[in-house]
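Novice: Sharing my_file.cif (mmCIF, C-alpha atoms) below.
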```
data_model
#
loop_
_atom_site.label_atom_id
_atom_site.label_comp_id
_atom_site.auth_asym_id
_atom_site.auth_seq_id
_atom_site.Cartn_x
_atom_site.Cartn_y
_atom_site.Cartn_z
CA MET A 1 0.00 0.00 0.00
CA THR A 2 1.70 3.17 -1.13
CA GLU A 3 0.64 6.63 -0.05
CA HIS A 4 -0.51 7.84 -3.45
CA GLU A 5 -2.98 4.98 -3.75
CA PRO A 6 -5.04 5.52 -0.64
CA ASP A 7 -7.92 3.26 -1.66
CA SER A 8 -5.97 0.30 -2.99
CA GLY A 9 -5.74 -1.15 0.50
CA ARG A 10 -9.47 -1.61 0.61
CA MET A 11 -9.65 -3.68 -2.55
CA ASN A 12 -8.23 -6.89 -1.21
CA VAL A 13 -6.84 -8.28 1.97
CA ALA A 14 -4.78 -11.38 2.37
CA PRO A 15 -6.25 -14.32 4.26
CA GLY A 16 -4.94 -14.45 7.83
CA GLN A 17 -4.16 -10.72 7.79
CA PRO A 18 -5.07 -9.33 11.23
CA HIS A 19 -7.26 -6.24 11.76
CA ASP A 20 -6.12 -2.79 12.74
CA SER A 21 -6.15 -2.14 16.46
CA LEU A 22 -4.37 -4.27 19.02
CA LEU A 23 -7.49 -4.69 21.13
CA SER A 24 -9.85 -5.72 18.33
CA GLU A 25 -7.24 -8.05 16.81
CA THR A 26 -6.51 -9.83 20.05
CA GLY A 27 -10.22 -9.79 20.88
CA ALA A 28 -11.05 -11.58 17.63
CA TYR A 29 -8.57 -14.35 18.45
CA VAL A 30 -9.92 -14.65 22.01
CA ILE A 31 -13.53 -14.87 20.76
CA GLY A 32 -12.47 -17.48 18.22
CA LEU A 33 -10.64 -19.49 20.87
CA VAL A 34 -13.61 -19.41 23.26
CA LEU A 35 -16.09 -20.42 20.54
CA ALA A 36 -13.81 -23.22 19.32
CA LEU A 37 -13.32 -24.49 22.89
CA VAL A 38 -17.09 -24.47 23.49
CA LEU A 39 -17.77 -26.31 20.21
CA THR A 40 -15.03 -28.85 20.99
CA GLY A 41 -16.45 -29.38 24.47
CA VAL A 42 -19.97 -29.85 23.11
CA SER A 43 -18.63 -32.32 20.51
CA PHE A 44 -16.96 -34.47 23.16
CA TRP A 45 -20.04 -34.25 25.39
CA VAL A 46 -22.41 -35.19 22.55
CA ALA A 47 -20.21 -38.16 21.70
CA SER A 48 -20.20 -39.56 25.24
CA THR A 49 -23.67 -38.79 26.58
CA SER A 50 -26.57 -41.19 26.36
CA VAL A 51 -29.17 -38.43 26.72
CA LEU A 52 -29.40 -37.83 22.97
CA TRP A 53 -31.06 -39.97 20.32
CA GLY A 54 -28.33 -42.36 19.18
CA PRO A 55 -28.72 -42.33 15.38
CA GLY A 56 -28.67 -38.53 15.32
CA VAL A 57 -25.39 -38.16 17.20
CA ALA A 58 -23.10 -38.65 14.18
CA VAL A 59 -24.97 -36.02 12.17
CA GLY A 60 -24.84 -33.64 15.12
CA LEU A 61 -21.07 -34.16 15.42
CA VAL A 62 -20.57 -33.34 11.74
CA VAL A 63 -22.64 -30.17 12.12
CA LEU A 64 -20.58 -29.14 15.18
CA ALA A 65 -17.36 -29.78 13.23
CA ILE A 66 -18.52 -27.65 10.30
CA ALA A 67 -19.51 -24.88 12.74
CA GLN A 68 -16.06 -25.02 14.32
CA MET A 69 -14.39 -24.85 10.89
CA GLY A 70 -16.46 -21.71 10.27
CA VAL A 71 -15.24 -20.23 13.56
CA HIS A 72 -11.63 -20.94 12.57
CA LEU A 73 -12.12 -19.39 9.13
CA VAL A 74 -13.71 -16.21 10.47
CA PHE A 75 -11.77 -15.54 13.66
CA PHE A 76 -8.35 -17.06 12.89
CA LEU A 77 -8.07 -16.72 9.10
CA HIS A 78 -10.23 -13.56 8.95
CA ILE A 79 -12.23 -14.73 5.97
CA THR A 80 -15.19 -12.34 5.93
CA SER A 81 -18.01 -11.39 3.60
CA GLY A 82 -16.58 -7.91 3.06
CA PRO A 83 -15.79 -6.62 -0.46
CA ASP A 84 -12.04 -6.76 0.24
CA ASN A 85 -12.33 -10.51 0.78
CA THR A 86 -14.10 -11.50 -2.45
CA ASN A 87 -11.11 -13.29 -3.95
CA ASN A 88 -10.41 -15.24 -0.77
CA VAL A 89 -14.06 -16.27 -0.44
CA LEU A 90 -14.35 -17.32 -4.08
CA ALA A 91 -11.26 -19.50 -3.79
CA LEU A 92 -12.66 -20.99 -0.58
CA ALA A 93 -16.02 -21.66 -2.23
CA PHE A 94 -14.32 -23.52 -5.07
CA GLY A 95 -12.27 -25.52 -2.57
CA VAL A 96 -15.39 -26.43 -0.59
CA LEU A 97 -17.14 -27.50 -3.82
CA ILE A 98 -14.29 -29.86 -4.79
CA VAL A 99 -14.00 -31.26 -1.26
CA PHE A 100 -17.76 -31.86 -1.20
CA LEU A 101 -17.74 -33.58 -4.62
CA VAL A 102 -14.80 -35.82 -3.76
CA MET A 103 -16.15 -36.93 -0.38
CA VAL A 104 -19.87 -37.24 -1.08
CA GLY A 105 -19.25 -38.65 -4.57
CA THR A 106 -16.88 -41.32 -3.28
CA ILE A 107 -19.06 -42.39 -0.37
CA TRP A 108 -22.19 -42.43 -2.54
CA ILE A 109 -20.61 -44.41 -5.38
CA MET A 110 -18.85 -46.91 -3.15
CA ALA A 111 -22.00 -47.56 -1.10
CA HIS A 112 -24.10 -48.12 -4.24
CA MET A 113 -21.47 -50.23 -5.89
CA ASN A 114 -21.55 -52.60 -2.95
CA ALA A 115 -25.35 -52.64 -3.00
CA ASN A 116 -25.54 -53.28 -6.75
CA MET A 117 -22.84 -55.87 -7.25
CA GLY A 118 -25.47 -58.59 -7.11
CA MET A 119 -23.56 -60.35 -4.39
CA ALA A 120 -25.18 -61.37 -1.15
CA PRO A 121 -24.34 -58.74 1.47
CA GLU A 122 -22.41 -61.25 3.56
CA LEU A 123 -20.26 -62.24 0.59
CA MET A 124 -19.72 -58.61 -0.32
CA ASN A 125 -18.68 -57.85 3.21
CA LEU A 126 -16.26 -60.74 3.06
CA GLN A 127 -14.89 -59.34 -0.19
CA MET A 128 -14.45 -55.90 1.37
CA GLN A 129 -12.78 -57.12 4.53
CA HIS A 130 -9.24 -56.92 3.18
CA MET B 131 -25.32 7.41 -24.34
CA THR B 132 -21.94 6.03 -23.44
CA THR B 133 -22.30 7.30 -19.93
CA GLU B 134 -25.72 5.71 -19.63
CA ALA B 135 -24.47 2.39 -20.96
CA ALA B 136 -21.58 2.48 -18.54
CA THR B 137 -23.93 3.26 -15.67
CA ILE B 138 -26.02 0.19 -16.31
CA GLY B 139 -22.92 -1.91 -16.86
CA LEU B 140 -23.05 -2.46 -20.64
CA THR B 141 -19.64 -1.00 -21.41
CA HIS B 142 -16.44 -0.52 -19.52
CA GLY B 143 -15.78 3.19 -19.69
CA ALA B 144 -12.29 4.44 -19.01
CA SER B 145 -13.40 5.94 -15.74
CA GLU B 146 -15.07 2.78 -14.51
CA ASP B 147 -13.20 0.63 -12.08
CA THR B 148 -13.45 -2.96 -13.27
CA GLY B 149 -11.32 -4.14 -10.40
CA LEU B 150 -8.92 -5.66 -12.90
CA GLY B 151 -5.70 -3.88 -13.65
CA HIS B 152 -7.08 -0.39 -13.21
CA ARG B 153 -4.37 0.39 -10.73
CA GLY B 154 -2.05 -2.38 -11.77
CA PRO B 155 -1.54 -5.61 -9.87
CA GLN B 156 -2.02 -5.84 -6.12
CA SER B 157 0.97 -5.47 -3.87
CA LYS B 158 3.06 -8.49 -2.95
CA SER B 159 1.70 -8.43 0.59
CA ILE B 160 -1.68 -9.37 -0.95
CA VAL B 161 -0.63 -11.60 -3.84
CA VAL B 162 1.78 -13.85 -1.95
CA PRO B 163 -0.59 -14.85 0.89
CA TYR B 164 -3.40 -15.23 -1.66
CA GLY B 165 -1.30 -17.68 -3.65
CA PHE B 166 -0.50 -19.52 -0.45
CA TRP B 167 -4.22 -19.58 0.40
CA LEU B 168 -4.80 -21.34 -2.95
CA PHE B 169 -2.12 -23.91 -2.00
CA VAL B 170 -3.76 -24.49 1.38
CA LEU B 171 -7.14 -25.03 -0.28
CA SER B 172 -5.60 -27.54 -2.69
CA ASP B 173 -4.07 -29.24 0.33
CA MET B 174 -7.58 -29.55 1.75
CA VAL B 175 -8.68 -31.17 -1.51
CA LEU B 176 -5.86 -33.68 -1.00
CA PHE B 177 -7.12 -34.41 2.50
CA SER B 178 -10.69 -34.80 1.19
CA ALA B 179 -9.45 -37.71 -0.95
CA LEU B 180 -7.85 -39.30 2.13
CA PHE B 181 -11.07 -38.77 4.12
CA ALA B 182 -13.09 -40.38 1.31
CA THR B 183 -10.68 -43.34 1.30
CA TYR B 184 -10.98 -43.69 5.07
CA ALA B 185 -14.79 -43.52 4.96
CA THR B 186 -14.84 -46.23 2.29
CA LEU B 187 -12.47 -48.57 4.12
CA VAL B 188 -13.36 -47.97 7.76
CA HIS B 189 -15.29 -51.26 8.00
CA ALA B 190 -12.74 -53.28 6.00
CA THR B 191 -11.04 -54.60 9.11
CA ASP B 192 -10.12 -58.09 7.89
CA GLY B 193 -11.06 -59.59 11.25
CA GLY B 194 -8.65 -57.23 12.99
CA PRO B 195 -9.36 -54.52 15.56
CA ILE B 196 -12.20 -52.08 14.87
CA THR B 197 -12.32 -48.36 15.66
CA ASN B 198 -14.04 -48.82 19.04
CA GLN B 199 -11.19 -50.97 20.36
CA LEU B 200 -8.32 -48.69 19.39
CA PHE B 201 -8.91 -45.03 20.19
CA ASP B 202 -8.56 -43.19 23.50
CA ARG B 203 -10.83 -40.13 23.64
CA ASN B 204 -8.98 -38.51 26.55
CA LEU B 205 -5.73 -38.43 24.59
CA VAL B 206 -7.60 -37.02 21.57
CA ALA B 207 -9.08 -34.29 23.78
CA VAL B 208 -5.58 -33.29 24.93
CA GLU B 209 -4.33 -33.31 21.33
CA THR B 210 -7.28 -31.16 20.24
CA ILE B 211 -6.79 -28.58 22.99
CA SER B 212 -3.02 -28.42 22.32
CA LEU B 213 -3.50 -27.77 18.63
CA LEU B 214 -6.25 -25.22 19.23
CA LEU B 215 -4.16 -23.26 21.75
CA SER B 216 -1.22 -23.53 19.35
CA SER B 217 -3.34 -21.98 16.60
CA PHE B 218 -4.39 -19.23 19.01
CA ALA B 219 -0.77 -18.52 19.99
CA CYS B 220 0.15 -18.37 16.31
CA GLY B 221 -2.52 -15.71 15.77
CA LEU B 222 -1.17 -13.63 18.66
CA ALA B 223 2.34 -14.01 17.21
CA MET B 224 0.97 -12.38 14.04
CA VAL B 225 -0.53 -9.54 16.07
CA ALA B 226 2.86 -8.94 17.69
CA ALA B 227 4.73 -9.30 14.39
CA LYS B 228 2.53 -6.68 12.77
CA ARG B 229 3.77 -4.26 15.44
CA ALA B 230 7.36 -5.45 14.96
CA ASN B 231 7.54 -6.51 18.62
CA MET B 232 10.45 -8.96 18.71
CA VAL B 233 10.01 -10.30 22.25
CA TRP B 234 6.30 -11.05 22.01
CA THR B 235 6.53 -12.44 18.47
CA GLN B 236 9.25 -14.86 19.52
CA ALA B 237 7.46 -15.75 22.76
CA TRP B 238 4.17 -16.58 21.02
CA LEU B 239 6.00 -18.52 18.31
CA VAL B 240 7.81 -20.57 20.96
CA LEU B 241 4.46 -21.35 22.57
CA THR B 242 2.98 -22.22 19.16
CA GLY B 243 5.84 -24.62 18.49
CA LEU B 244 5.78 -26.21 21.94
CA LEU B 245 2.04 -26.88 21.82
CA GLY B 246 2.45 -28.29 18.32
CA LEU B 247 5.21 -30.52 19.68
CA VAL B 248 2.94 -31.76 22.48
CA PHE B 249 0.36 -32.68 19.84
CA LEU B 250 2.94 -34.47 17.72
CA ILE B 251 4.43 -36.45 20.62
CA ILE B 252 0.98 -37.68 21.72
CA GLU B 253 0.20 -38.70 18.15
CA LEU B 254 3.50 -40.57 17.70
CA ARG B 255 3.00 -42.37 21.02
CA GLU B 256 -0.48 -43.38 19.88
CA PHE B 257 0.95 -44.72 16.60
CA ALA B 258 3.69 -46.60 18.45
CA GLY B 259 1.10 -48.09 20.80
CA LEU B 260 -1.07 -49.25 17.90
CA ILE B 261 1.87 -50.84 16.10
CA ALA B 262 2.97 -52.52 19.35
CA ILE B 263 -0.39 -54.31 19.72
CA GLY B 264 -0.28 -55.50 16.11
CA ALA B 265 -2.60 -52.79 14.78
CA GLY B 266 -0.05 -51.32 12.39
CA PRO B 267 -0.83 -50.01 8.91
CA GLN B 268 -0.31 -53.43 7.32
CA ARG B 269 -2.96 -55.14 9.49
CA SER B 270 -6.05 -54.17 7.47
CA ALA B 271 -7.30 -51.72 4.85
CA PHE B 272 -8.97 -49.76 7.64
CA LEU B 273 -5.68 -49.33 9.49
CA SER B 274 -3.81 -48.49 6.26
CA SER B 275 -6.25 -45.67 5.55
CA PHE B 276 -6.18 -44.55 9.20
CA PHE B 277 -2.38 -44.25 9.26
CA THR B 278 -2.37 -42.53 5.87
CA LEU B 279 -4.96 -39.92 6.86
CA VAL B 280 -3.78 -39.12 10.39
CA GLY B 281 -0.12 -39.62 9.46
CA CYS B 282 -0.43 -37.17 6.58
CA HIS B 283 -1.77 -34.57 9.00
CA GLY B 284 1.05 -35.40 11.41
CA ALA B 285 3.59 -34.95 8.60
CA HIS B 286 2.11 -31.51 7.91
CA VAL B 287 2.44 -30.62 11.60
CA THR B 288 6.07 -31.77 11.54
CA ALA B 289 6.75 -29.58 8.50
CA GLY B 290 4.98 -26.70 10.25
CA LEU B 291 7.17 -27.10 13.35
CA MET B 292 10.33 -26.90 11.24
CA TRP B 293 8.89 -23.86 9.49
CA ILE B 294 8.17 -22.18 12.86
CA GLY B 295 11.79 -22.73 13.91
CA THR B 296 13.02 -21.34 10.60
CA MET B 297 10.84 -18.24 10.88
CA MET B 298 11.97 -17.58 14.46
CA ALA B 299 15.58 -17.67 13.27
CA GLN B 300 14.83 -15.44 10.27
CA ILE B 301 12.98 -12.85 12.33
CA TRP B 302 15.80 -12.88 14.86
CA ALA B 303 18.51 -12.49 12.20
CA LYS B 304 16.82 -10.23 9.67
CA GLY B 305 14.15 -8.35 11.62
CA PHE B 306 10.64 -7.53 10.47
CA GLN B 307 11.36 -6.92 6.80
CA PRO B 308 8.32 -7.05 4.52
CA HIS B 309 9.31 -10.35 2.87
CA ILE B 310 9.95 -11.98 6.25
CA VAL B 311 6.56 -10.86 7.58
CA ARG B 312 4.94 -12.24 4.39
CA ARG B 313 6.51 -15.62 5.08
CA LEU B 314 5.27 -15.44 8.65
CA LEU B 315 1.74 -14.70 7.41
CA CYS B 316 1.90 -17.73 5.11
CA LEU B 317 3.04 -19.83 8.07
CA SER B 318 0.05 -18.66 10.12
CA ILE B 319 -2.34 -19.54 7.27
CA PHE B 320 -0.75 -23.00 7.09
CA TRP B 321 -0.97 -23.52 10.85
CA HIS B 322 -4.62 -22.42 11.11
CA ALA B 323 -5.51 -24.68 8.16
CA LEU B 324 -3.93 -27.67 9.92
CA ASP B 325 -6.18 -27.02 12.90
CA ILE B 326 -9.23 -26.96 10.59
CA ILE B 327 -8.22 -30.34 9.16
CA TRP B 328 -7.72 -31.69 12.67
CA VAL B 329 -11.31 -30.69 13.54
CA ALA B 330 -12.48 -32.98 10.73
CA ILE B 331 -10.13 -35.77 11.87
CA PHE B 332 -11.09 -35.76 15.54
CA THR B 333 -14.78 -35.66 14.63
CA ILE B 334 -14.87 -38.26 11.85
CA VAL B 335 -12.12 -40.64 12.94
CA TYR B 336 -12.03 -40.42 16.71
CA LEU B 337 -15.46 -39.29 17.94
CA ILE B 338 -17.75 -40.93 15.37
CA GLY B 339 -15.39 -43.93 15.38
CA THR B 340 -15.85 -44.44 19.13
CA LEU B 341 -19.62 -43.97 19.33
CA PRO B 342 -21.24 -46.88 21.19
#
```
Can you give me the file's structure in the form of structure tokens?
Specialist:
Amino acid sequence: MTEHEPDSGRMNVAPGQPHDSLLSETGAYVIGLVLALVLTGVSFWVASTSVLWGPGVAVGLVVLAIAQMGVHLVFFLHITSGPDNTNNVLALAFGVLIVFLVMVGTIWIMAHMNANMGMAPELMNLQMQH
Amino acid sequence: MTTEAATIGLTHGASEDTGLGHRGPQSKSIVVPYGFWLFVLSDMVLFSALFATYATLVHATDGGPITNQLFDRNLVAVETISLLLSSFACGLAMVAAKRANMVWTQAWLVLTGLLGLVFLIIELREFAGLIAIGAGPQRSAFLSSFFTLVGCHGAHVTAGLMWIGTMMAQIWAKGFQPHIVRRLLCLSIFWHALDIIWVAIFTIVYLIGTLP
């Protein structure tokens, strides 16, 4: 950022670039840490309690993990929805799309392949045990 | 006419800021971390393939141990807290580095590295324990994919620890020059990203894997 281009600094910021004042910068990290600790604690509690409906626990854990990733992105990597962050967000969106396609696509295809191989489930399981 | 067309976005008048090249390229302090951000995202794509492999093979245990028999949640909780605090310390190191404060930057980086080391030692002890009871990577497809996924994250942490040491030495020797601070910013992006990947690992591998 040079002096004769006063507005160029507002166009883009780098990911992970901290804010301006010492208090608000440190505060953002502290808020992020507290939120991440709470979400981690809830995750471990959800995984070990018997209060909740069993089949829903795994889904709940995934939701908590995604929430915590969001906390890390916003408070530690400073990825925001502001106009100076458009490039960072677009790159992130593309990354999330590919990650989603690879994971969901693989799990979906592999599950259906097993179901459609025409083999008895026990045989298929035997086949997949190695 | 031209002005009207430009107003509604049909043409790109000379006075209109397209956001592309109007003022020339962005400064290096923007471009370098952005490029590194792209690398980190591609690294996450790599991990997504390892996660997909793990999810496919998690039940392929070949009569060997299953997830519920292997993992210790208390150790995982300690690992998780260590890595989270390490990420936090890394952020505060960036706050100090931005103000060119040598003592605090080095102090927070030392803490970042030490907490990362705690994480790594716990992980290596876990691996050694698994191999000792015959649950090494060659035991079953499940264990192969487990060691690949978690080991790949551990290898990243190891690389990050060496990078932290390197940056501490560079800041000490060369001071807070712009290119050194850029490298430090890239390191912090890398370190925060590793914590994000760990969130996925402790949830999918350790917590969901040890549900009753």
Novice: Show which residues sit within 8 Å of Ser159 in chain B, as a count of residues only. Count all atoms listed in the file, and ignore same-chain residues fewer than 4 positions away.
Specialist: 4
Novice: Could the residues of chain B within 7 Å of chain A, counting only C-alpha atoms, be given as number ranges by chain, please?
Specialist: B: 157, 160, 163-164, 167-168, 171-172, 175, 178-179, 182, 185-186, 190-192, 218, 221-222, 225, 270-271, 315, 318-319, 322, 326, 329-330, 333, 337-338, 341
Novice: Restricting the output to C-alpha atoms, write the selected residues as a compact mmCIF listing (two decimals), keeping the file's coordinate frame.
Specialist:
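Wrote selection-v7.txt, looks like this:
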```txt
# COMPACT_ATOMS: atom_id res chain seq x y z
CA SER B 157 0.97 -5.47 -3.87
CA ILE B 160 -1.68 -9.37 -0.95
CA PRO B 163 -0.59 -14.85 0.89
CA TYR B 164 -3.40 -15.23 -1.66
CA TRP B 167 -4.22 -19.58 0.40
CA LEU B 168 -4.80 -21.34 -2.95
CA LEU B 171 -7.14 -25.03 -0.28
CA SER B 172 -5.60 -27.54 -2.69
CA VAL B 175 -8.68 -31.17 -1.51
CA SER B 178 -10.69 -34.80 1.19
CA ALA B 179 -9.45 -37.71 -0.95
CA ALA B 182 -13.09 -40.38 1.31
CA ALA B 185 -14.79 -43.52 4.96
CA THR B 186 -14.84 -46.23 2.29
CA ALA B 190 -12.74 -53.28 6.00
CA THR B 191 -11.04 -54.60 9.11
CA ASP B 192 -10.12 -58.09 7.89
CA PHE B 218 -4.39 -19.23 19.01
CA GLY B 221 -2.52 -15.71 15.77
CA LEU B 222 -1.17 -13.63 18.66
CA VAL B 225 -0.53 -9.54 16.07
CA SER B 270 -6.05 -54.17 7.47
CA ALA B 271 -7.30 -51.72 4.85
CA LEU B 315 1.74 -14.70 7.41
CA SER B 318 0.05 -18.66 10.12
CA ILE B 319 -2.34 -19.54 7.27
CA HIS B 322 -4.62 -22.42 11.11
CA ILE B 326 -9.23 -26.96 10.59
CA VAL B 329 -11.31 -30.69 13.54
CA ALA B 330 -12.48 -32.98 10.73
CA THR B 333 -14.78 -35.66 14.63
CA LEU B 337 -15.46 -39.29 17.94
CA ILE B 338 -17.75 -40.93 15.37
CA LEU B 341 -19.62 -43.97 19.33
```
Novice: Using all atoms listed in the file, which residue out of B:Gly290, B:Gly305, B:Pro155, B:Gly165 lies closest to Leu213 in chain B?
Specialist: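 Looking at the shortest contact to Leu213 in chain B, the residue is B:Gly290.
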Novice: CA of Phe249 in chain B and CA of Ser275 in chain B, how far apart in Å?
Specialist: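 A separation of 20.4 Å between them.
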Novice: For CA of Ala223 in chain B and CA of Leu239 in chain B, quote the distance in Å rounded to one decimal.
Specialist: 5.9 Å
Novice: Please identify all polymer residues lying at most 9 Å from the point (-2.3, -28.2, 20.6) (file coordinates), using only C-alpha atoms, and present the result as a ChimeraX atom specification.
Specialist: /B:208-217,242,244-250,325
Novice: Env of Leu200 in chain B: 10 Å cut, atoms = all atoms listed in the file, seq-sep filter 5 positions within chain, self excluded. Answer as a PDB file with C-alpha atoms, in the coordinates of the input.
Specialist:
```
ATOM      1  CA  PRO B 195      -9.360 -54.520  15.560  1.00  0.00           C
ATOM      2  CA  GLU B 256      -0.480 -43.380  19.880  1.00  0.00           C
ATOM      3  CA  GLY B 259       1.100 -48.090  20.800  1.00  0.00           C
ATOM      4  CA  LEU B 260      -1.070 -49.250  17.900  1.00  0.00           C
ATOM      5  CA  ILE B 263      -0.390 -54.310  19.720  1.00  0.00           C
ATOM      6  CA  ALA B 265      -2.600 -52.790  14.780  1.00  0.00           C
ATOM      7  CA  TYR B 336     -12.030 -40.420  16.710  1.00  0.00           C
ATOM      8  CA  GLY B 339     -15.390 -43.930  15.380  1.00  0.00           C
ATOM      9  CA  THR B 340     -15.850 -44.440  19.130  1.00  0.00           C
TER      10      THR B 340
END
```
Novice: For the atom pair CA of Ile334 in chain B and CA of Val188 in chain B, what is the interatomic distance in Å to one decimal place?
Specialist: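 Between CA of Ile334 in chain B and CA of Val188 in chain B the gap works out to 10.6 Å.
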Novice: Using only C-alpha atoms, which residue out of A:Gly60, A:Ile79, A:Asn85, A:Ala115 lies closest to Trp45 in chain A?
Specialist: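 Looking at the shortest contact to Trp45 in chain A, the residue is A:Gly60.
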Novice: Please rebuild range 225-236 of chain B with N, CA and C atoms and give the result as an mmCIF file, in the coordinates of the input.
Specialist:
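Result file result_27.cif:
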```cif
data_model
loop_
_atom_site.group_PDB
_atom_site.id
_atom_site.type_symbol
_atom_site.label_atom_id
_atom_site.label_comp_id
_atom_site.auth_asym_id
_atom_site.auth_seq_id
_atom_site.Cartn_x
_atom_site.Cartn_y
_atom_site.Cartn_z
ATOM 1 N N VAL B 225 -0.187 -10.868 15.551
ATOM 2 C CA VAL B 225 -0.530 -9.540 16.070
ATOM 3 C C VAL B 225 0.734 -8.815 16.527
ATOM 4 N N ALA B 226 1.621 -9.556 17.210
ATOM 5 C CA ALA B 226 2.860 -8.940 17.690
ATOM 6 C C ALA B 226 3.798 -8.617 16.521
ATOM 7 N N ALA B 227 3.833 -9.513 15.527
ATOM 8 C CA ALA B 227 4.730 -9.300 14.390
ATOM 9 C C ALA B 227 4.324 -8.069 13.594
ATOM 10 N N LYS B 228 3.019 -7.839 13.519
ATOM 11 C CA LYS B 228 2.530 -6.680 12.770
ATOM 12 C C LYS B 228 3.039 -5.395 13.415
ATOM 13 N N ARG B 229 3.251 -5.432 14.744
ATOM 14 C CA ARG B 229 3.770 -4.260 15.440
ATOM 15 C C ARG B 229 5.281 -4.334 15.628
ATOM 16 N N ALA B 230 5.909 -5.287 14.925
ATOM 17 C CA ALA B 230 7.360 -5.450 14.960
ATOM 18 C C ALA B 230 7.884 -5.593 16.391
ATOM 19 N N ASN B 231 7.125 -6.290 17.231
ATOM 20 C CA ASN B 231 7.540 -6.510 18.620
ATOM 21 C C ASN B 231 8.286 -7.844 18.712
ATOM 22 N N MET B 232 9.612 -7.758 18.776
ATOM 23 C CA MET B 232 10.450 -8.960 18.710
ATOM 24 C C MET B 232 10.167 -9.935 19.851
ATOM 25 N N VAL B 233 10.130 -9.411 21.086
ATOM 26 C CA VAL B 233 10.010 -10.300 22.250
ATOM 27 C C VAL B 233 8.702 -11.085 22.203
ATOM 28 N N TRP B 234 7.588 -10.374 21.983
ATOM 29 C CA TRP B 234 6.300 -11.050 22.010
ATOM 30 C C TRP B 234 6.129 -11.978 20.809
ATOM 31 N N THR B 235 6.631 -11.558 19.644
ATOM 32 C CA THR B 235 6.530 -12.440 18.470
ATOM 33 C C THR B 235 7.245 -13.753 18.747
ATOM 34 N N GLN B 236 8.490 -13.647 19.252
ATOM 35 C CA GLN B 236 9.250 -14.860 19.520
ATOM 36 C C GLN B 236 8.597 -15.694 20.616
#
```
